[in-house]
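Here is entry-v4.tsv, consisting of TSV, C-alpha atoms:
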chain	number	residue	atom	x	y	z
A	615	MET	CA	-19.01	-4.29	-17.85
A	616	GLY	CA	-20.64	-6.77	-15.43
A	617	LEU	CA	-20.20	-6.50	-11.67
A	618	THR	CA	-18.35	-9.82	-11.41
A	619	LEU	CA	-15.85	-8.98	-14.14
A	620	THR	CA	-15.25	-5.52	-12.65
A	621	ALA	CA	-14.67	-7.10	-9.23
A	622	ILE	CA	-12.10	-9.50	-10.72
A	623	LEU	CA	-10.29	-6.74	-12.62
A	624	LEU	CA	-10.14	-4.45	-9.57
A	625	GLY	CA	-8.94	-7.34	-7.42
A	626	ILE	CA	-6.12	-7.95	-9.90
A	627	VAL	CA	-5.21	-4.25	-9.93
A	628	GLU	CA	-5.17	-4.14	-6.12
A	629	GLY	CA	-3.07	-7.29	-5.79
A	630	LEU	CA	-0.57	-6.21	-8.44
A	631	THR	CA	-0.04	-2.67	-7.17
A	632	GLU	CA	-0.53	-2.61	-3.38
A	633	PHE	CA	2.99	-3.59	-2.38
A	634	VAL	CA	5.04	-2.24	-5.27
A	635	PRO	CA	5.84	1.50	-5.45
A	636	VAL	CA	3.28	2.41	-8.13
A	637	SER	CA	0.17	3.34	-6.04
A	638	SER	CA	-2.74	0.92	-5.84
A	639	THR	CA	-5.18	3.74	-5.01
A	640	GLY	CA	-3.98	5.74	-8.00
A	641	HIS	CA	-4.41	2.76	-10.31
A	642	LEU	CA	-7.91	2.06	-8.97
A	643	ILE	CA	-8.89	5.72	-9.57
A	644	LEU	CA	-7.52	5.61	-13.12
A	645	ALA	CA	-9.23	2.26	-13.67
A	646	SER	CA	-12.56	3.82	-12.73
A	647	LYS	CA	-12.05	6.45	-15.42
A	648	LEU	CA	-10.78	3.96	-18.01
A	649	PHE	CA	-13.50	1.33	-17.51
A	650	GLY	CA	-16.24	3.91	-16.98
A	651	TYR	CA	-17.69	2.69	-13.69
A	652	ASP	CA	-18.84	4.96	-10.84
A	653	PRO	CA	-16.00	5.18	-8.27
A	654	LYS	CA	-18.44	6.13	-5.47
A	655	THR	CA	-20.35	2.89	-6.06
A	656	TRP	CA	-17.16	0.89	-5.63
A	657	GLU	CA	-15.65	3.01	-2.83
A	658	VAL	CA	-16.28	0.51	-0.03
A	659	PHE	CA	-15.26	-2.40	-2.26
A	660	ASN	CA	-11.89	-0.78	-3.05
A	661	ILE	CA	-11.13	-0.35	0.65
A	662	VAL	CA	-12.32	-3.73	1.92
A	663	ILE	CA	-10.47	-5.80	-0.71
A	664	GLN	CA	-7.26	-4.37	0.70
A	665	LEU	CA	-7.77	-6.86	3.52
A	666	GLY	CA	-7.03	-9.57	0.95
A	667	ALA	CA	-3.64	-7.98	0.31
A	668	ILE	CA	-3.05	-7.72	4.08
A	669	LEU	CA	-3.79	-11.43	4.47
A	670	ALA	CA	-1.22	-12.11	1.74
A	671	VAL	CA	1.46	-10.43	3.88
A	672	VAL	CA	0.47	-12.51	6.91
A	673	VAL	CA	0.61	-15.74	4.90
A	674	ALA	CA	3.89	-14.86	3.13
A	675	TYR	CA	5.61	-13.97	6.42
A	676	TRP	CA	3.82	-16.28	8.81
A	677	ARG	CA	7.12	-17.59	10.16
A	678	THR	CA	8.22	-14.06	11.03
A	679	PHE	CA	4.94	-13.28	12.80
A	680	TRP	CA	5.03	-16.61	14.62
A	681	ALA	CA	8.57	-15.95	15.82
A	682	VAL	CA	7.67	-12.42	16.95
A	683	GLY	CA	4.57	-13.70	18.75
A	684	MET	CA	6.54	-16.39	20.57
A	685	GLY	CA	9.21	-13.83	21.38
A	686	LEU	CA	6.64	-11.50	22.89
A	687	LEU	CA	5.37	-14.26	25.14
A	688	LYS	CA	8.94	-14.80	26.33
A	689	GLY	CA	9.61	-11.08	26.68
A	690	GLU	CA	12.43	-11.11	24.11
A	691	ALA	CA	13.85	-7.65	23.42
A	692	HIS	CA	14.06	-8.09	19.65
A	693	SER	CA	10.36	-8.98	19.34
A	694	LEU	CA	9.39	-6.05	21.55
A	695	ARG	CA	11.45	-3.68	19.37
A	696	PHE	CA	9.82	-5.16	16.24
A	697	ILE	CA	6.32	-4.30	17.50
A	698	ARG	CA	7.52	-0.97	18.91
A	699	ASN	CA	8.88	0.15	15.55
A	700	LEU	CA	5.69	-0.80	13.69
A	701	LEU	CA	3.52	1.04	16.21
A	702	ILE	CA	5.73	4.14	16.14
A	703	ALA	CA	5.65	4.22	12.35
A	704	PHE	CA	1.86	3.75	12.33
A	705	ILE	CA	1.03	6.64	14.68
A	706	PRO	CA	1.54	9.62	12.27
A	707	ALA	CA	-0.77	8.17	9.60
A	708	ALA	CA	-3.35	7.15	12.23
A	709	VAL	CA	-3.51	10.65	13.70
A	710	LEU	CA	-3.49	12.57	10.40
A	711	GLY	CA	-5.84	10.07	8.77
A	712	VAL	CA	-8.51	10.74	11.41
A	713	LEU	CA	-7.96	14.52	11.53
A	714	PHE	CA	-8.03	15.02	7.75
A	715	LYS	CA	-10.30	12.18	6.65
A	716	ASN	CA	-12.75	14.44	4.77
A	717	GLN	CA	-9.96	16.21	2.88
A	718	ILE	CA	-8.35	12.88	1.98
A	719	ASP	CA	-11.69	11.50	0.74
A	720	ALA	CA	-12.11	14.61	-1.43
A	721	LEU	CA	-8.75	13.98	-3.10
A	722	LEU	CA	-9.93	10.51	-4.13
A	723	GLU	CA	-12.61	11.98	-6.37
A	724	SER	CA	-10.31	13.36	-9.07
A	725	PRO	CA	-8.00	11.33	-11.33
A	726	VAL	CA	-5.92	14.33	-12.51
A	727	PRO	CA	-3.66	14.60	-9.40
A	728	VAL	CA	-2.95	10.87	-9.74
A	729	GLY	CA	-1.15	11.34	-13.05
A	730	TRP	CA	1.07	14.08	-11.67
A	731	ALA	CA	1.78	12.15	-8.47
A	732	LEU	CA	2.78	9.06	-10.47
A	733	LEU	CA	5.11	11.07	-12.71
A	734	ILE	CA	6.74	13.13	-9.94
A	735	GLY	CA	7.03	10.05	-7.72
A	736	GLY	CA	8.81	8.17	-10.49
A	737	VAL	CA	11.39	10.93	-10.81
A	738	ALA	CA	11.81	10.97	-7.01
A	739	ILE	CA	12.51	7.22	-6.98
A	740	LEU	CA	15.24	7.60	-9.61
A	741	VAL	CA	16.86	10.41	-7.61
A	742	ILE	CA	16.70	8.56	-4.28
A	743	GLU	CA	18.07	5.37	-5.84
A	744	ARG	CA	21.03	7.34	-7.15
A	745	VAL	CA	21.91	9.34	-4.02
A	746	ALA	CA	20.85	7.07	-1.14
A	747	LYS	CA	23.61	5.12	0.58
A	748	GLN	CA	22.85	1.43	0.97
A	749	GLY	CA	22.93	0.29	4.58
A	750	GLU	CA	23.78	-3.17	5.80
A	751	ALA	CA	21.13	-5.87	5.94
A	752	THR	CA	19.31	-5.73	9.26
A	753	GLY	CA	16.00	-6.65	10.85
A	754	ILE	CA	12.91	-4.55	11.55
A	755	GLY	CA	13.59	-4.81	15.27
A	756	ASP	CA	17.12	-3.48	14.81
A	757	LEU	CA	16.04	-0.14	13.33
A	758	PRO	CA	16.37	2.91	15.62
A	759	MET	CA	13.15	4.47	16.90
A	760	LYS	CA	13.86	7.73	15.06
A	761	THR	CA	14.14	5.84	11.76
A	762	ALA	CA	10.81	4.09	12.34
A	763	LEU	CA	9.16	7.41	13.21
A	764	GLY	CA	10.68	9.07	10.16
A	765	ILE	CA	9.30	6.33	7.90
A	766	GLY	CA	5.91	6.84	9.56
A	767	PHE	CA	5.88	10.54	8.73
A	768	VAL	CA	6.95	9.84	5.14
A	769	GLN	CA	4.07	7.39	4.82
A	770	CYS	CA	1.66	10.29	5.38
A	771	ILE	CA	2.63	11.73	1.98
A	772	ALA	CA	0.85	8.74	0.47
A	773	MET	CA	-2.47	10.22	1.57
A	774	ILE	CA	-2.20	12.05	-1.76
A	775	PRO	CA	-3.62	9.62	-4.36
A	776	GLY	CA	-0.95	8.38	-6.75
A	777	VAL	CA	1.98	8.83	-4.38
A	778	SER	CA	1.96	5.14	-3.27
A	779	ARG	CA	2.08	4.09	0.37
A	780	SER	CA	4.66	1.40	-0.32
A	781	GLY	CA	6.67	3.75	-2.53
A	782	ALA	CA	6.75	6.49	0.11
A	783	THR	CA	7.75	4.16	2.94
A	784	ILE	CA	10.34	2.23	0.93
A	785	MET	CA	11.96	5.33	-0.55
A	786	GLY	CA	11.83	7.10	2.80
A	787	ALA	CA	13.58	4.14	4.41
A	788	LEU	CA	16.23	4.05	1.66
A	789	ALA	CA	16.86	7.78	2.11
A	790	MET	CA	17.46	7.08	5.82
A	791	GLY	CA	20.06	4.42	5.00
A	792	VAL	CA	17.93	1.29	5.37
A	793	GLU	CA	18.90	-1.65	3.14
A	794	ARG	CA	16.53	-2.52	0.25
A	795	ARG	CA	15.11	-5.82	1.51
A	796	THR	CA	14.54	-4.45	5.01
A	797	ALA	CA	12.92	-1.31	3.56
A	798	ALA	CA	10.53	-3.40	1.46
A	799	GLU	CA	9.63	-5.76	4.30
A	800	PHE	CA	9.10	-2.88	6.74
A	801	SER	CA	6.69	-1.40	4.19
A	802	PHE	CA	4.82	-4.74	3.97
A	803	PHE	CA	4.49	-5.07	7.75
A	804	LEU	CA	3.52	-1.42	8.25
A	805	ALA	CA	0.72	-1.94	5.71
A	806	ILE	CA	-1.09	-4.23	8.16
A	807	PRO	CA	-2.06	-1.67	10.86
A	808	THR	CA	-2.30	1.18	8.33
A	809	MET	CA	-4.62	-0.57	5.88
A	810	MET	CA	-6.67	-2.20	8.63
A	811	GLY	CA	-7.18	1.21	10.21
A	812	ALA	CA	-8.33	2.70	6.90
A	813	THR	CA	-10.66	-0.25	6.33
A	814	VAL	CA	-12.22	0.03	9.78
A	815	LEU	CA	-12.91	3.75	9.25
A	816	GLN	CA	-14.58	3.04	5.90
A	817	ILE	CA	-16.66	0.20	7.35
A	818	ILE	CA	-17.85	2.47	10.17
A	819	ASP	CA	-18.75	5.25	7.73
A	820	HIS	CA	-20.60	2.85	5.40
A	821	ARG	CA	-21.98	0.39	7.98
A	822	GLU	CA	-25.61	0.93	6.99
A	823	GLU	CA	-25.13	0.24	3.28
A	824	LEU	CA	-22.87	-2.73	4.08
A	825	ALA	CA	-25.56	-4.17	6.35
A	826	ALA	CA	-28.05	-3.72	3.53
A	827	GLY	CA	-25.78	-5.39	0.99
A	828	SER	CA	-23.60	-2.43	-0.07
A	829	GLY	CA	-26.03	-1.17	-2.73
A	830	PRO	CA	-25.40	-2.45	-6.27
A	831	VAL	CA	-21.99	-3.80	-5.20
A	832	GLY	CA	-22.68	-6.47	-2.60
A	833	TRP	CA	-20.79	-8.96	-0.48
A	834	THR	CA	-20.47	-11.36	-3.42
A	835	GLU	CA	-18.41	-8.85	-5.40
A	836	ILE	CA	-16.41	-7.90	-2.28
A	837	GLY	CA	-15.66	-11.58	-1.64
A	838	ILE	CA	-14.49	-12.08	-5.23
A	839	GLY	CA	-12.29	-8.98	-5.10
A	840	PHE	CA	-10.88	-10.05	-1.72
A	841	ALA	CA	-9.94	-13.51	-2.99
A	842	VAL	CA	-8.40	-12.23	-6.22
A	843	SER	CA	-6.38	-9.50	-4.49
A	844	PHE	CA	-5.09	-12.06	-1.95
A	845	ILE	CA	-3.89	-14.53	-4.59
A	846	VAL	CA	-2.27	-11.89	-6.80
A	847	ALA	CA	-0.68	-10.00	-3.90
A	848	LEU	CA	0.80	-13.21	-2.49
A	849	ALA	CA	2.57	-13.89	-5.79
A	850	VAL	CA	3.72	-10.27	-6.10
A	851	ILE	CA	5.18	-10.08	-2.58
A	852	ARG	CA	7.38	-13.13	-3.08
A	853	ALA	CA	8.67	-11.93	-6.45
A	854	PHE	CA	9.06	-8.26	-5.52
A	855	VAL	CA	11.51	-8.66	-2.63
A	856	ALA	CA	13.73	-11.01	-4.62
A	857	TYR	CA	13.72	-8.66	-7.61
A	858	VAL	CA	14.50	-5.37	-5.84
A	859	SER	CA	17.21	-6.98	-3.72
A	860	ARG	CA	19.14	-7.62	-6.95
A	861	HIS	CA	17.97	-4.92	-9.37
A	862	GLY	CA	16.61	-1.97	-7.38
A	863	PHE	CA	13.53	0.16	-8.03
A	864	ALA	CA	14.36	1.95	-11.30
A	865	PRO	CA	12.00	-0.15	-13.48
A	866	PHE	CA	9.08	0.85	-11.23
A	867	ALA	CA	10.14	4.49	-11.45
A	868	TRP	CA	10.11	4.42	-15.25
A	869	TYR	CA	6.76	2.65	-15.23
A	870	ARG	CA	5.34	5.43	-13.03
A	871	ILE	CA	6.74	8.11	-15.33
A	872	VAL	CA	5.27	6.52	-18.45
A	873	ILE	CA	1.85	5.82	-16.90
A	874	GLY	CA	1.74	9.22	-15.22
A	875	ALA	CA	2.59	11.08	-18.44
A	876	ALA	CA	0.07	9.00	-20.40
A	877	ALA	CA	-2.64	9.65	-17.80
A	878	ILE	CA	-1.98	13.40	-17.81
A	879	ALA	CA	-2.16	13.52	-21.62
A	880	TRP	CA	-5.28	11.34	-21.72
A	881	LEU	CA	-7.14	13.30	-19.02
A	882	SER	CA	-6.11	16.67	-20.48
A	883	PHE	CA	-6.65	16.04	-24.19
A	884	GLY	CA	-8.55	12.77	-24.47
I'd like the structure from this file rewritten - as structure tokens, please.
Amino acid sequence: MGLTLTAILLGIVEGLTEFVPVSSTGHLILASKLFGYDPKTWEVFNIVIQLGAILAVVVAYWRTFWAVGMGLLKGEAHSLRFIRNLLIAFIPAAVLGVLFKNQIDALLESPVPVGWALLIGGVAILVIERVAKQGEATGIGDLPMKTALGIGFVQCIAMIPGVSRSGATIMGALAMGVERRTAAEFSFFLAIPTMMGATVLQIIDHREELAAGSGPVGWTEIGIGFAVSFIVALAVIRAFVAYVSRHGFAPFAWYRIVIGAAAIAWLSFG
């Protein structure tokens, strides 16, 4: 498969899966096995194109960010609480991500745990959907600090490939009584510092090969993947919130179970 076509396919996978609870990292790892390309060669690419998905969040919610920014300039309490909650939720992943970076990178090398994480995570979503009590609609800035911190610790589970960062944060929020739309949007906003932090670490680690053109996968492929992931993620974000507000997360849970079981069977017996 050519570099350009691979870049387009991976950009589509990233955009489709980053903000829904199915694990973008897990899908990219399985895609490497399915399409037969070297995951180490595309390691930097897979991290950097996440910035395209981040940009999609900024564009989709530009009014929210504008209002928060203006509120900060005026010293409004709600805007300050909005930023406070995001920072509090970001801290656990930032600390653990730096302390255990080598162990996390090692987990990314094997596709087998991804299948199990997808399957178990799907079952967990079904259970949480059934037992969690739906809270009232609220804003990010209205969440208590302990809820934001709890969501931040739950996000750390997603360091295991296949768990899904969005899935962990959304389900963690639901388990704490946060309403569906607010849980999904909090997950979107929390992705910005979390994914930017991960991208910066990868860029620092691979700065020499990036400066030299990133080996066989260069800036052209990264630019294509970035653009594709941005366009696809923008469409997904707008559709996802509307869908889960009415129908919940069960379809994503069943998708995870089916894909996880298929991946386990394929990797074990294929």
(Q) I'd like to know which of A:Gly781, A:Gly837, A:Gly862, A:Pro706 is closest to Thr631 in chain A, using only C-alpha atoms. (A)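 Of A:Gly781, A:Gly837, A:Gly862, A:Pro706, the one nearest Thr631 in chain A is A:Gly781, counting only C-alpha atoms.
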**Q.** For range 750-765 of chain A: contacts at 9 Å, all atoms listed in the file, fewer than 6 positions along chain excluded, given as an NGL selection string
**A.** :A and (691-706 or 782-787 or 790-797 or 799-801)
**Q.** Among listed residues A:Leu881, A:Ala864, A:Val850, A:Ala876, nearest Arg744 in chain A (using all atoms listed in the file)
**A.**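 Selected residue with least distance to Arg744 in chain A: A:Ala864.
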Q: Counting all atoms listed in the file, find the residues whose atoms lie at most 8 Å from (-9.2, 2.3, 1.7) (file coordinates) and write them out as JSON, numbers by chain.
A: {"A": [639, 657, 658, 660, 661, 662, 664, 809, 812, 813, 816]}
**Q.** Given only C-alpha atoms as the counted atoms, nearest of A:Ile836, A:Val745, A:Ile771, A:Val627 to Leu710 in chain A
**A.** A:Ile771
Q. Looking at only C-alpha atoms, which of A:Ile718, A:Ala681, A:Ile622, A:Ile806 is the one that sits closest to Val846 in chain A?
A.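 With only C-alpha atoms as the atom set, the closest residue is A:Ile622.
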**Q.** CA of Val634 in chain A to CA of Val673 in chain A, straight-line distance in Å
**A.** 17.5 Å
Export range 864-876 of chain A of the preceding structure, keeping N, CA and C atoms, as an mmCIF file, in the first residue's frame.
data_model
loop_
_atom_site.group_PDB
_atom_site.id
_atom_site.type_symbol
_atom_site.label_atom_id
_atom_site.label_comp_id
_atom_site.auth_asym_id
_atom_site.auth_seq_id
_atom_site.Cartn_x
_atom_site.Cartn_y
_atom_site.Cartn_z
ATOM 1 N N ALA A 864 -25.023 2.321 24.004
ATOM 2 C CA ALA A 864 -25.073 0.868 23.793
ATOM 3 C C ALA A 864 -24.574 0.430 22.412
ATOM 4 N N PRO A 865 -24.935 1.125 21.316
ATOM 5 C CA PRO A 865 -24.426 0.684 20.007
ATOM 6 C C PRO A 865 -22.900 0.647 19.936
ATOM 7 N N PHE A 866 -22.242 1.598 20.601
ATOM 8 C CA PHE A 866 -20.779 1.619 20.611
ATOM 9 C C PHE A 866 -20.234 0.464 21.445
ATOM 10 N N ALA A 867 -20.964 0.114 22.512
ATOM 11 C CA ALA A 867 -20.545 -1.015 23.335
ATOM 12 C C ALA A 867 -20.581 -2.310 22.545
ATOM 13 N N TRP A 868 -21.680 -2.529 21.805
ATOM 14 C CA TRP A 868 -21.794 -3.750 21.009
ATOM 15 C C TRP A 868 -20.769 -3.775 19.884
ATOM 16 N N TYR A 869 -20.487 -2.617 19.313
ATOM 17 C CA TYR A 869 -19.442 -2.552 18.284
ATOM 18 C C TYR A 869 -18.106 -2.991 18.873
ATOM 19 N N ARG A 870 -17.770 -2.486 20.069
ATOM 20 C CA ARG A 870 -16.517 -2.862 20.720
ATOM 21 C C ARG A 870 -16.460 -4.362 20.974
ATOM 22 N N ILE A 871 -17.568 -4.931 21.437
ATOM 23 C CA ILE A 871 -17.598 -6.361 21.747
ATOM 24 C C ILE A 871 -17.358 -7.191 20.493
ATOM 25 N N VAL A 872 -18.033 -6.821 19.409
ATOM 26 C CA VAL A 872 -17.882 -7.572 18.159
ATOM 27 C C VAL A 872 -16.460 -7.443 17.613
ATOM 28 N N ILE A 873 -15.942 -6.213 17.544
ATOM 29 C CA ILE A 873 -14.597 -5.991 17.008
ATOM 30 C C ILE A 873 -13.547 -6.622 17.917
ATOM 31 N N GLY A 874 -13.734 -6.497 19.218
ATOM 32 C CA GLY A 874 -12.780 -7.082 20.155
ATOM 33 C C GLY A 874 -12.724 -8.590 20.031
ATOM 34 N N ALA A 875 -13.910 -9.230 19.971
ATOM 35 C CA ALA A 875 -13.959 -10.698 19.836
ATOM 36 C C ALA A 875 -13.355 -11.133 18.509
ATOM 37 N N ALA A 876 -13.652 -10.403 17.437
ATOM 38 C CA ALA A 876 -13.098 -10.739 16.122
ATOM 39 C C ALA A 876 -11.579 -10.593 16.122
#
